[in-house]
Structure formats: structure tokens, C-alpha cells
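File shown: model.cif. Contents: mmCIF, C-alpha atoms.
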data_model
loop_
_atom_site.label_atom_id
_atom_site.label_comp_id
_atom_site.auth_asym_id
_atom_site.auth_seq_id
_atom_site.Cartn_x
_atom_site.Cartn_y
_atom_site.Cartn_z
CA MET A 1 104.74 94.18 80.35
CA THR A 2 107.47 95.57 82.62
CA ASP A 3 110.50 93.29 82.38
CA THR A 4 113.48 95.54 83.11
CA LEU A 5 114.59 97.47 86.19
CA GLN A 6 114.86 100.58 83.98
CA LYS A 7 111.15 100.33 83.10
CA LEU A 8 110.17 99.63 86.73
CA PHE A 9 112.28 102.63 87.75
CA GLU A 10 110.50 104.87 85.21
CA ASP A 11 107.06 103.64 86.37
CA THR A 12 108.00 104.36 89.99
CA VAL A 13 109.13 107.89 89.07
CA LYS A 14 105.68 108.41 87.49
CA ASP A 15 103.98 106.93 90.55
CA VAL A 16 105.72 109.24 93.03
CA TYR A 17 105.25 112.22 90.67
CA ASN A 18 101.51 111.64 90.81
CA ALA A 19 101.66 111.07 94.59
CA GLU A 20 103.46 114.41 95.09
CA LYS A 21 100.84 116.18 92.95
CA GLN A 22 98.04 114.64 95.02
CA PHE A 23 99.71 115.59 98.31
CA LEU A 24 100.32 119.11 96.96
CA LYS A 25 96.58 119.47 96.42
CA ALA A 26 95.69 118.05 99.85
CA MET A 27 98.20 119.96 101.99
CA PRO A 28 96.60 123.44 101.87
CA LYS A 29 93.36 121.92 103.25
CA MET A 30 95.41 120.33 106.05
CA SER A 31 97.19 123.61 106.80
CA LYS A 32 93.87 125.47 106.87
CA ALA A 33 92.42 122.92 109.31
CA ALA A 34 95.43 123.00 111.67
CA THR A 35 95.17 125.06 114.87
CA ASN A 36 98.75 124.85 116.19
CA PRO A 37 100.70 127.68 114.46
CA GLU A 38 103.93 125.66 114.30
CA LEU A 39 102.12 122.77 112.60
CA LYS A 40 100.49 125.17 110.14
CA ALA A 41 103.92 126.69 109.38
CA ALA A 42 105.50 123.23 108.95
CA ILE A 43 102.81 122.17 106.45
CA ASP A 44 103.09 125.47 104.54
CA LYS A 45 106.87 125.07 104.37
CA HIS A 46 106.44 121.53 103.08
CA VAL A 47 104.07 122.76 100.35
CA GLU A 48 106.87 124.97 99.00
CA GLN A 49 109.37 122.10 99.34
CA THR A 50 107.02 119.73 97.52
CA LYS A 51 106.80 122.15 94.58
CA GLU A 52 110.60 121.92 94.29
CA GLN A 53 110.42 118.11 94.59
CA VAL A 54 107.91 118.01 91.74
CA ALA A 55 110.27 120.16 89.64
CA ARG A 56 113.13 117.76 90.48
CA LEU A 57 111.07 114.79 89.29
CA GLU A 58 110.42 116.66 86.04
CA GLN A 59 114.18 117.07 85.73
CA VAL A 60 114.67 113.33 86.38
CA ALA A 61 112.04 112.52 83.73
CA GLN A 62 113.87 114.74 81.25
CA LEU A 63 117.14 112.89 81.92
CA LEU A 64 115.30 109.58 81.45
CA GLU A 65 113.68 110.90 78.27
CA ILE A 66 110.18 110.10 79.54
CA LYS A 67 107.06 112.05 80.51
CA PRO A 68 106.46 111.99 84.29
CA THR A 69 102.68 111.93 83.84
CA GLY A 70 100.29 109.09 83.02
CA LYS A 71 100.09 107.18 86.28
CA VAL A 72 97.59 107.44 89.15
CA CYS A 73 99.12 106.55 92.50
CA LYS A 74 96.45 104.48 94.26
CA ALA A 75 98.29 104.50 97.58
CA ALA A 76 98.39 108.31 97.62
CA GLN A 77 94.67 108.35 96.80
CA GLY A 78 94.04 106.18 99.87
CA LEU A 79 96.29 108.33 102.06
CA VAL A 80 94.53 111.52 100.94
CA GLU A 81 91.09 109.94 101.52
CA GLU A 82 92.21 109.01 105.03
CA ALA A 83 93.26 112.61 105.72
CA GLU A 84 89.92 113.85 104.37
CA GLU A 85 88.08 111.45 106.68
CA HIS A 86 89.91 113.01 109.63
CA LEU A 87 89.05 116.52 108.42
CA GLU A 88 85.38 115.51 108.42
CA GLU A 89 85.29 113.41 111.57
CA VAL A 90 87.64 115.09 114.03
CA ALA A 91 86.72 118.32 115.82
CA PRO A 92 89.12 121.20 114.98
CA GLY A 93 91.66 121.83 117.72
CA PRO A 94 94.51 119.85 119.32
CA VAL A 95 93.00 116.40 118.57
CA LEU A 96 92.69 117.21 114.87
CA ASP A 97 96.25 118.57 114.95
CA ALA A 98 97.45 115.21 116.31
CA ALA A 99 95.51 113.43 113.54
CA LEU A 100 96.93 115.75 110.86
CA ILE A 101 100.48 115.02 112.04
CA VAL A 102 100.02 111.27 111.68
CA CYS A 103 98.45 111.73 108.20
CA ALA A 104 101.37 113.91 107.13
CA GLN A 105 103.84 111.36 108.52
CA LYS A 106 102.12 108.54 106.62
CA ASN A 107 102.58 110.58 103.43
CA GLU A 108 106.23 111.22 104.30
CA HIS A 109 106.85 107.52 104.95
CA TYR A 110 105.28 106.62 101.61
CA GLU A 111 107.64 109.07 99.94
CA ILE A 112 110.67 107.98 101.97
CA THR A 113 110.13 104.39 100.78
CA SER A 114 109.61 105.52 97.18
CA TYR A 115 112.64 107.84 97.02
CA GLY A 116 114.79 105.42 99.03
CA THR A 117 114.04 102.70 96.49
CA LEU A 118 114.52 105.05 93.53
CA VAL A 119 117.93 106.10 94.88
CA ALA A 120 118.98 102.42 95.24
CA TRP A 121 117.70 101.54 91.76
CA SER A 122 119.28 104.59 90.08
CA GLN A 123 122.61 103.61 91.65
CA GLU A 124 122.10 100.06 90.38
CA LEU A 125 121.38 101.46 86.91
CA GLY A 126 124.43 103.75 87.06
CA LEU A 127 122.36 106.95 86.71
CA LYS A 128 124.63 109.24 88.75
CA GLU A 129 122.93 112.58 88.03
CA VAL A 130 119.48 111.09 88.71
CA THR A 131 120.74 109.60 92.00
CA ARG A 132 122.08 112.97 93.12
CA ILE A 133 118.75 114.71 92.41
CA LEU A 134 116.68 112.03 94.17
CA GLN A 135 118.98 111.99 97.21
CA THR A 136 118.26 115.69 97.80
CA THR A 137 114.53 115.01 97.95
CA LEU A 138 114.99 111.88 100.12
CA GLY A 139 116.91 113.98 102.66
CA GLU A 140 114.14 116.59 102.74
CA GLU A 141 111.41 113.98 103.27
CA LYS A 142 113.34 112.43 106.17
CA ASP A 143 113.85 115.88 107.73
CA THR A 144 110.13 116.66 107.42
CA ASP A 145 109.26 113.39 109.17
CA VAL A 146 111.59 114.31 112.06
CA ILE A 147 110.09 117.84 112.31
CA LEU A 148 106.57 116.34 112.49
CA SER A 149 107.61 113.87 115.22
CA GLU A 150 109.16 116.71 117.22
CA LEU A 151 106.00 118.80 116.87
CA ALA A 152 103.93 115.88 118.20
CA GLU A 153 106.30 115.24 121.11
CA LYS A 154 106.85 118.92 121.89
CA GLY A 155 103.27 119.80 122.54
CA VAL A 156 100.58 118.66 120.13
CA ASN A 157 100.10 115.27 121.84
CA ASP A 158 100.03 116.94 125.27
CA GLU A 159 97.46 119.47 124.08
CA ALA A 160 95.40 116.68 122.49
CA SER A 161 95.38 114.54 125.64
CA GLY A 162 94.39 117.60 127.67
CA ALA A 163 91.15 117.38 125.72
CA LYS A 164 90.45 113.86 126.94
CA PRO A 165 87.74 113.42 129.56
CA LYS A 166 89.09 110.18 131.06
CA ALA A 167 91.42 107.44 129.75
CA LYS A 168 89.94 103.98 129.88
CA GLY A 169 91.53 100.58 129.26
CA GLY A 170 94.97 99.19 130.07
CA LYS A 171 96.69 99.97 133.33
CA ALA A 172 96.57 103.74 133.34
CA SER A 173 99.45 105.25 135.32
CA MET B 1 82.60 113.62 116.12
CA THR B 2 86.03 112.67 117.46
CA ASP B 3 87.06 115.23 120.07
CA THR B 4 89.39 113.34 122.43
CA LEU B 5 92.79 111.72 121.96
CA GLN B 6 91.34 108.53 123.48
CA LYS B 7 88.72 108.34 120.68
CA LEU B 8 91.32 109.15 117.99
CA PHE B 9 93.54 106.45 119.49
CA GLU B 10 90.71 103.90 119.34
CA ASP B 11 89.90 104.83 115.72
CA THR B 12 93.57 104.43 114.78
CA VAL B 13 93.67 100.99 116.43
CA LYS B 14 90.68 100.02 114.25
CA ASP B 15 92.35 101.50 111.16
CA VAL B 16 95.57 99.54 111.59
CA TYR B 17 93.61 96.38 112.53
CA ASN B 18 91.84 96.58 109.19
CA ALA B 19 95.13 97.38 107.42
CA GLU B 20 96.79 94.30 108.92
CA LYS B 21 93.84 92.13 107.83
CA GLN B 22 94.09 93.50 104.27
CA PHE B 23 97.86 92.93 104.14
CA LEU B 24 97.35 89.43 105.55
CA LYS B 25 95.08 88.65 102.60
CA ALA B 26 97.49 90.15 100.04
CA MET B 27 100.76 88.65 101.26
CA PRO B 28 100.22 85.02 100.16
CA LYS B 29 99.70 86.29 96.57
CA MET B 30 102.95 88.24 96.85
CA SER B 31 104.80 85.20 98.23
CA LYS B 32 103.44 83.03 95.42
CA ALA B 33 104.58 85.56 92.81
CA ALA B 34 108.11 85.93 94.24
CA THR B 35 110.96 84.06 92.57
CA ASN B 36 113.83 84.70 95.00
CA PRO B 37 113.56 81.98 97.70
CA GLU B 38 114.79 84.31 100.48
CA LEU B 39 112.15 86.89 99.58
CA LYS B 40 109.47 84.20 99.52
CA ALA B 41 110.63 82.99 102.96
CA ALA B 42 110.68 86.56 104.34
CA ILE B 43 107.10 87.19 103.18
CA ASP B 44 105.93 83.83 104.57
CA LYS B 45 107.58 84.59 107.91
CA HIS B 46 105.88 88.00 107.97
CA VAL B 47 102.49 86.37 107.33
CA GLU B 48 102.92 84.40 110.57
CA GLN B 49 104.15 87.50 112.39
CA THR B 50 101.16 89.51 111.12
CA LYS B 51 98.77 86.92 112.54
CA GLU B 52 100.35 87.52 115.95
CA GLN B 53 100.13 91.28 115.43
CA VAL B 54 96.41 90.97 114.66
CA ALA B 55 95.98 88.96 117.88
CA ARG B 56 97.87 91.68 119.78
CA LEU B 57 95.51 94.35 118.41
CA GLU B 58 92.56 92.22 119.57
CA GLN B 59 94.18 92.18 123.02
CA VAL B 60 94.60 95.98 122.90
CA ALA B 61 90.95 96.37 121.87
CA GLN B 62 89.92 94.21 124.82
CA LEU B 63 91.91 96.41 127.21
CA LEU B 64 90.26 99.48 125.64
CA GLU B 65 86.85 97.81 125.90
CA ILE B 66 86.15 98.34 122.19
CA LYS B 67 85.67 96.14 119.12
CA PRO B 68 88.66 96.37 116.73
CA THR B 69 86.41 96.01 113.67
CA GLY B 70 84.23 98.51 111.82
CA LYS B 71 86.75 100.60 109.92
CA VAL B 72 88.05 100.25 106.35
CA CYS B 73 91.62 101.49 105.96
CA LYS B 74 91.63 103.40 102.67
CA ALA B 75 95.40 103.75 102.62
CA ALA B 76 95.87 99.98 102.92
CA GLN B 77 93.35 99.51 100.10
CA GLY B 78 95.49 101.76 97.91
CA LEU B 79 98.71 100.01 98.89
CA VAL B 80 97.19 96.59 98.12
CA GLU B 81 95.86 97.83 94.76
CA GLU B 82 99.35 99.09 93.93
CA ALA B 83 100.83 95.67 94.71
CA GLU B 84 98.15 94.02 92.57
CA GLU B 85 99.01 96.34 89.67
CA HIS B 86 102.62 95.16 89.88
CA LEU B 87 101.51 91.52 89.95
CA GLU B 88 99.61 92.14 86.71
CA GLU B 89 102.08 94.40 84.93
CA VAL B 90 105.54 93.11 85.87
CA ALA B 91 106.95 89.91 84.37
CA PRO B 92 107.71 87.27 87.04
CA GLY B 93 111.38 87.07 87.93
CA PRO B 94 113.95 89.42 89.47
CA VAL B 95 112.22 92.65 88.34
CA LEU B 96 108.94 91.59 89.95
CA ASP B 97 110.89 90.60 93.07
CA ALA B 98 112.32 94.14 93.24
CA ALA B 99 108.78 95.54 92.83
CA LEU B 100 107.40 93.24 95.53
CA ILE B 101 110.08 94.38 97.98
CA VAL B 102 109.15 98.04 97.53
CA CYS B 103 105.43 97.22 97.92
CA ALA B 104 106.15 95.29 101.11
CA GLN B 105 108.30 98.15 102.41
CA LYS B 106 105.53 100.65 101.69
CA ASN B 107 103.20 98.49 103.79
CA GLU B 108 105.79 98.30 106.56
CA HIS B 109 106.27 102.06 106.57
CA TYR B 110 102.53 102.60 106.80
CA GLU B 111 102.48 100.31 109.81
CA ILE B 112 105.61 101.83 111.37
CA THR B 113 103.95 105.26 111.28
CA SER B 114 100.69 103.87 112.69
CA TYR B 115 102.27 101.87 115.52
CA GLY B 116 104.82 104.61 116.26
CA THR B 117 101.97 107.08 116.71
CA LEU B 118 99.88 104.62 118.72
CA VAL B 119 102.82 104.01 121.07
CA ALA B 120 103.27 107.78 121.58
CA TRP B 121 99.54 108.32 122.14
CA SER B 122 99.17 105.35 124.52
CA GLN B 123 102.05 106.76 126.58
CA GLU B 124 100.35 110.15 126.54
CA LEU B 125 97.13 108.49 127.72
CA GLY B 126 98.97 106.54 130.42
CA LEU B 127 97.98 103.11 129.01
CA LYS B 128 101.08 101.20 130.10
CA GLU B 129 99.99 97.66 129.18
CA VAL B 130 98.75 98.82 125.76
CA THR B 131 102.05 100.64 125.15
CA ARG B 132 104.02 97.49 125.95
CA ILE B 133 101.97 95.38 123.51
CA LEU B 134 102.20 97.94 120.69
CA GLN B 135 105.95 98.40 121.18
CA THR B 136 106.50 94.68 120.49
CA THR B 137 104.74 95.00 117.13
CA LEU B 138 106.51 98.27 116.27
CA GLY B 139 109.86 96.55 116.80
CA GLU B 140 108.85 93.66 114.51
CA GLU B 141 107.71 96.03 111.74
CA LYS B 142 111.00 97.92 111.87
CA ASP B 143 112.95 94.65 111.76
CA THR B 144 110.95 93.47 108.72
CA ASP B 145 111.71 96.73 106.90
CA VAL B 146 115.45 96.23 107.55
CA ILE B 147 115.28 92.59 106.34
CA LEU B 148 113.57 93.73 103.11
CA SER B 149 116.19 96.45 102.50
CA GLU B 150 118.97 93.91 103.03
CA LEU B 151 117.34 91.49 100.60
CA ALA B 152 117.19 94.24 97.97
CA GLU B 153 120.80 95.30 98.54
CA LYS B 154 122.12 91.74 98.86
CA GLY B 155 121.03 90.53 95.48
CA VAL B 156 117.51 91.26 94.27
CA ASN B 157 118.41 94.68 92.80
CA ASP B 158 121.50 93.21 91.14
CA GLU B 159 119.48 90.37 89.65
CA ALA B 160 116.85 92.84 88.48
CA SER B 161 119.35 95.14 86.79
CA GLY B 162 120.93 92.14 85.08
CA ALA B 163 117.62 91.93 83.24
CA LYS B 164 117.97 95.45 81.87
CA PRO B 165 118.88 95.81 78.21
CA LYS B 166 120.51 99.24 78.50
CA ALA B 167 120.23 102.08 80.99
CA LYS B 168 119.29 105.36 79.39
CA GLY B 169 119.22 108.87 80.84
CA GLY B 170 121.42 110.65 83.39
CA LYS B 171 125.14 110.29 83.34
CA ALA B 172 125.52 106.52 83.38
CA SER B 173 128.78 105.42 85.01
#

Step by step, read the file and then write its structure as C-alpha cells.
Amino acid sequence: MTDTLQKLFEDTVKDVYNAEKQFLKAMPKMSKAATNPELKAAIDKHVEQTKEQVARLEQVAQLLEIKPTGKVCKAAQGLVEEAEEHLEEVAPGPVLDAALIVCAQKNEHYEITSYGTLVAWSQELGLKEVTRILQTTLGEEKDTDVILSELAEKGVNDEASGAKPKAKGGKAS
Amino acid sequence: MTDTLQKLFEDTVKDVYNAEKQFLKAMPKMSKAATNPELKAAIDKHVEQTKEQVARLEQVAQLLEIKPTGKVCKAAQGLVEEAEEHLEEVAPGPVLDAALIVCAQKNEHYEITSYGTLVAWSQELGLKEVTRILQTTLGEEKDTDVILSELAEKGVNDEASGAKPKAKGGKAS
């Protein structure tokens, strides 16, 4: 039974390590399905970044004297399944691009919460080196979320709505 | 096959409607398991707020002339399973409180991404009344996330680390 913050911290490191691995496997499929070249490039860049984030978690695990493996992140499983549903159900093109952006942002927000919490807990536990490593990743995840929002606002949403036949409901302007 | 932003928007309304319903079912268990009275009160308050958010989504569905039901949100399923794992594996007290806060924040971040995207898409689709309704909920979700962070920083993390026998790893201060 988990009864210390140290143990909860270690379990959460394992959880996000597994989540990153799952996202790493899902992202190339998302990149392949994307039409917008900037979105494709952003996903590809994040694949490389995620590999570094995985390596950082391995470094954290080493400092904690634990193995980072052994946990299956159920939330990441659900997020990946949701992305796969979109890949099956949405026609390739701007609408799928819009769907891929929201899936990627949901992944980022899961990670932002995880790393944000891990940073707070590592500070609480006085693990300075671990905090420093995790803060680097937290910053990258936040930046990726901003890049994805900008991509949506800059053109993907416009392109996607261009594909709509007619908006119904609400008071359309 | 989904090939318009309007259809993707409607599917995402159904997804978050199902997510809210799942969280609504999970939250009373989380409140019951919480020890910190402020955390318990924050979860209870959010249960009431979520009921209003569900009603708002029903209103949005009515404006869109669709039923909000019919979708199972896989990501929410994963998030709820993760919370249930903590309820089983973490000893009640401050460490479980810290775990419950991160679970609740993961739910909030899922919702923040969903509503944030829905607001952007409804603006894109020119659905002014729908945008207004969704913005109210988005604001509430963001506020809840801030309240949870403050609870963690204000005392829950301190109480949880008080339960630790000895921090290992990193360069402890």
C-alpha cells in the first residue's frame, strides 16, 4: 500500500513514463494522417522531444534508485484510443487535422498536469536535481500546447470550417 | 464518416457530455475518500457545478438539434480507472489526498482542452449562443483547476510529505 509521498511520487514517475511511451508509439500514426505540413512538422518535432523526455525520466528513475517500468497508464490508453477513433472516423484533410490537434492537446494537458505535480512533489521532497530535470520537460510540454493552439487558430480551424456545408444550431452570425 | 467541422463539433459535445457524466459518478467516491475537509468541500462543490455543466451541454445539444448521448469517452474511462487505482492502492490520509488532487486536476485539464476547443470551433462555426454557454463552463473548469493547485500548495503536499519516512534519490536539500 502506498503511504508516503515518496512512493506516490515514484508511482507517478512510472505512470508518466508509460504514458510517454504510449504517446511515442501513437504519434507517428498521427503525423502520417495529418495533411497540414506545419501540423505534421510539429508532431514530428514532438516525437524527437518525447524521446528526450523519456530519457530524462530514465535519469530521474536512476536518481530515485527505481526502475521506471512496471506501470500501465490507463488514462494514456484512453487518450490513444480516442485518437485512433478519430483516425478511423474522420475523413483525411482539414477536419481530421483539427481533430488531431485536439487529441495532441489532450495528451499535452495530461502530461502538463503530471509533470506539474511531479515538480511540486519533488520540491516538497527536497529532490533538487530531479526537480530541475522535470522542470525542463514541463516547459517543453507547455510550449508544445501553445504551438498546437497557434496552429489551430492560424489556419487549421479555418480550413476545417471551409469544409462545412452549413452550420446549424445556435444563433449563427 | 465525419467530414465537416460541424459534425466533429457535435461528436466532441457528445464526448465531453459522456466524460462529465462519468466524472459525476466518480466524484462522490473521491469526496468520501478525502481526509482534508477543504478538499472534500472543493470536490462536493464541483459535483454541483458539474450538474450545471451537464445541463448546459443539454442546452447546447438542443441548439444543435442533436442528442448529447451515444458516445463513450474512452479518455474519461481511463482517467476514472486511474483514480480508482489510487483509491485502492493509497492509504487514506494526506498521501491519498495528494493523489486525489492530481486525479481531479487531470480530469479538469481534459475538460479544459475539450471546452477550449469547443469554444474555438463554435466561434469558427458562428454559433454565438453556443459559444457563450461553453465559455461559462470553460471559466469554471479553469477556476476549479486553480483551486485544486492552491489546496495542494497550501497544505496537502506538506501534510503528505510529513508522512514520508525519508526522501531518497537526487540531491536532497

Let me know the residues the PyMOL selection byres ((chain A and resi 50) around 9) catches in the file above, as a list in words.
Glu20, Lys21, Phe23, Leu24, Lys45, His46, Val47, Glu48, Gln49, Lys51, Glu52, Gln53, Val54, Ala55 and Thr137 of chain A

For CA of Lys74 (chain B) and CA of Gly78 (chain A), the interatomic separation in Å (one decimal)
4.6 Å

When you look at Thr2 (chain B) with a cut-off of 12 Å (counting all atoms listed in the file), what residues show up, excluding the ones that are within fewer than 4 positions of it in the same chain? I need them as a ChimeraX atom specification.
/A:85-96,98-99,160,163-164 /B:6-12

So which residues get picked by the PyMOL selection byres ((chain A) within 7 of (chain B)) here, written as a ChimeraX atom specification?
/A:1-6,63-65,74-75,77-79,81-82,89-91,95,102,105-106,109-110,113,117,121,124-130,157-158,160-161,163-164,167-173

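The interatomic distance for the pair CA of Glu58 (chain A) and CA of Leu138 (chain A) works out to 15.6 Å.
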
For the atom pair CA of Lys14 (chain B) and CA of Pro68 (chain B), what is the interatomic distance in Å to one decimal place?
4.9 Å

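Taking only C-alpha atoms into account, Lys67 (chain A) lies nearest to A:Val13 out of the set A:Val156, A:Leu134, A:Val13, A:Ala33.
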
Fill-in result for region 19-38 of chain B, N, CA, C and O atoms as an mmCIF file, in the frame of the given file:
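File written: out05.cif
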data_model
loop_
_atom_site.group_PDB
_atom_site.id
_atom_site.type_symbol
_atom_site.label_atom_id
_atom_site.label_comp_id
_atom_site.auth_asym_id
_atom_site.auth_seq_id
_atom_site.Cartn_x
_atom_site.Cartn_y
_atom_site.Cartn_z
ATOM 1 N N ALA B 19 93.971 97.402 108.324
ATOM 2 C CA ALA B 19 95.130 97.380 107.420
ATOM 3 C C ALA B 19 95.853 96.041 107.501
ATOM 4 O O ALA B 19 96.157 95.415 106.476
ATOM 5 N N GLU B 20 96.095 95.579 108.726
ATOM 6 C CA GLU B 20 96.790 94.300 108.920
ATOM 7 C C GLU B 20 96.003 93.164 108.247
ATOM 8 O O GLU B 20 96.577 92.284 107.605
ATOM 9 N N LYS B 21 94.692 93.178 108.410
ATOM 10 C CA LYS B 21 93.840 92.130 107.830
ATOM 11 C C LYS B 21 93.952 92.169 106.292
ATOM 12 O O LYS B 21 93.996 91.122 105.641
ATOM 13 N N GLN B 22 93.966 93.376 105.727
ATOM 14 C CA GLN B 22 94.090 93.500 104.270
ATOM 15 C C GLN B 22 95.456 92.986 103.794
ATOM 16 O O GLN B 22 95.545 92.282 102.788
ATOM 17 N N PHE B 23 96.515 93.370 104.523
ATOM 18 C CA PHE B 23 97.860 92.930 104.140
ATOM 19 C C PHE B 23 97.969 91.406 104.272
ATOM 20 O O PHE B 23 98.618 90.745 103.453
ATOM 21 N N LEU B 24 97.332 90.873 105.303
ATOM 22 C CA LEU B 24 97.350 89.430 105.550
ATOM 23 C C LEU B 24 96.746 88.669 104.367
ATOM 24 O O LEU B 24 97.198 87.581 104.016
ATOM 25 N N LYS B 25 95.741 89.262 103.751
ATOM 26 C CA LYS B 25 95.080 88.650 102.600
ATOM 27 C C LYS B 25 95.952 88.781 101.338
ATOM 28 O O LYS B 25 95.963 87.899 100.481
ATOM 29 N N ALA B 26 96.686 89.887 101.260
ATOM 30 C CA ALA B 26 97.490 90.150 100.040
ATOM 31 C C ALA B 26 98.819 89.412 100.030
ATOM 32 O O ALA B 26 99.322 89.041 98.957
ATOM 33 N N MET B 27 99.396 89.192 101.203
ATOM 34 C CA MET B 27 100.760 88.650 101.260
ATOM 35 C C MET B 27 100.944 87.269 100.628
ATOM 36 O O MET B 27 101.954 87.052 99.958
ATOM 37 N N PRO B 28 100.002 86.319 100.808
ATOM 38 C CA PRO B 28 100.220 85.020 100.160
ATOM 39 C C PRO B 28 100.333 85.133 98.638
ATOM 40 O O PRO B 28 101.120 84.416 98.019
ATOM 41 N N LYS B 29 99.585 86.069 98.021
ATOM 42 C CA LYS B 29 99.700 86.290 96.570
ATOM 43 C C LYS B 29 101.095 86.808 96.216
ATOM 44 O O LYS B 29 101.678 86.447 95.196
ATOM 45 N N MET B 30 101.616 87.674 97.088
ATOM 46 C CA MET B 30 102.950 88.240 96.850
ATOM 47 C C MET B 30 104.016 87.146 96.997
ATOM 48 O O MET B 30 104.951 87.066 96.204
ATOM 49 N N SER B 31 103.856 86.303 98.018
ATOM 50 C CA SER B 31 104.800 85.200 98.230
ATOM 51 C C SER B 31 104.791 84.249 97.035
ATOM 52 O O SER B 31 105.836 83.818 96.551
ATOM 53 N N LYS B 32 103.588 83.947 96.556
ATOM 54 C CA LYS B 32 103.440 83.030 95.420
ATOM 55 C C LYS B 32 104.103 83.589 94.162
ATOM 56 O O LYS B 32 104.683 82.850 93.355
ATOM 57 N N ALA B 33 104.039 84.915 94.008
ATOM 58 C CA ALA B 33 104.580 85.560 92.810
ATOM 59 C C ALA B 33 106.089 85.766 92.870
ATOM 60 O O ALA B 33 106.740 85.976 91.842
ATOM 61 N N ALA B 34 106.670 85.687 94.079
ATOM 62 C CA ALA B 34 108.110 85.930 94.240
ATOM 63 C C ALA B 34 108.925 84.767 93.695
ATOM 64 O O ALA B 34 108.525 83.611 93.814
ATOM 65 N N THR B 35 110.067 85.093 93.101
ATOM 66 C CA THR B 35 110.960 84.060 92.570
ATOM 67 C C THR B 35 112.096 83.782 93.541
ATOM 68 O O THR B 35 112.416 82.623 93.809
ATOM 69 N N ASN B 36 112.705 84.840 94.068
ATOM 70 C CA ASN B 36 113.830 84.700 95.000
ATOM 71 C C ASN B 36 113.368 83.940 96.263
ATOM 72 O O ASN B 36 112.435 84.365 96.939
ATOM 73 N N PRO B 37 114.018 82.794 96.565
ATOM 74 C CA PRO B 37 113.560 81.980 97.700
ATOM 75 C C PRO B 37 113.651 82.702 99.048
ATOM 76 O O PRO B 37 112.809 82.491 99.928
ATOM 77 N N GLU B 38 114.661 83.565 99.205
ATOM 78 C CA GLU B 38 114.790 84.310 100.480
ATOM 79 C C GLU B 38 113.659 85.313 100.645
ATOM 80 O O GLU B 38 113.159 85.528 101.748
#
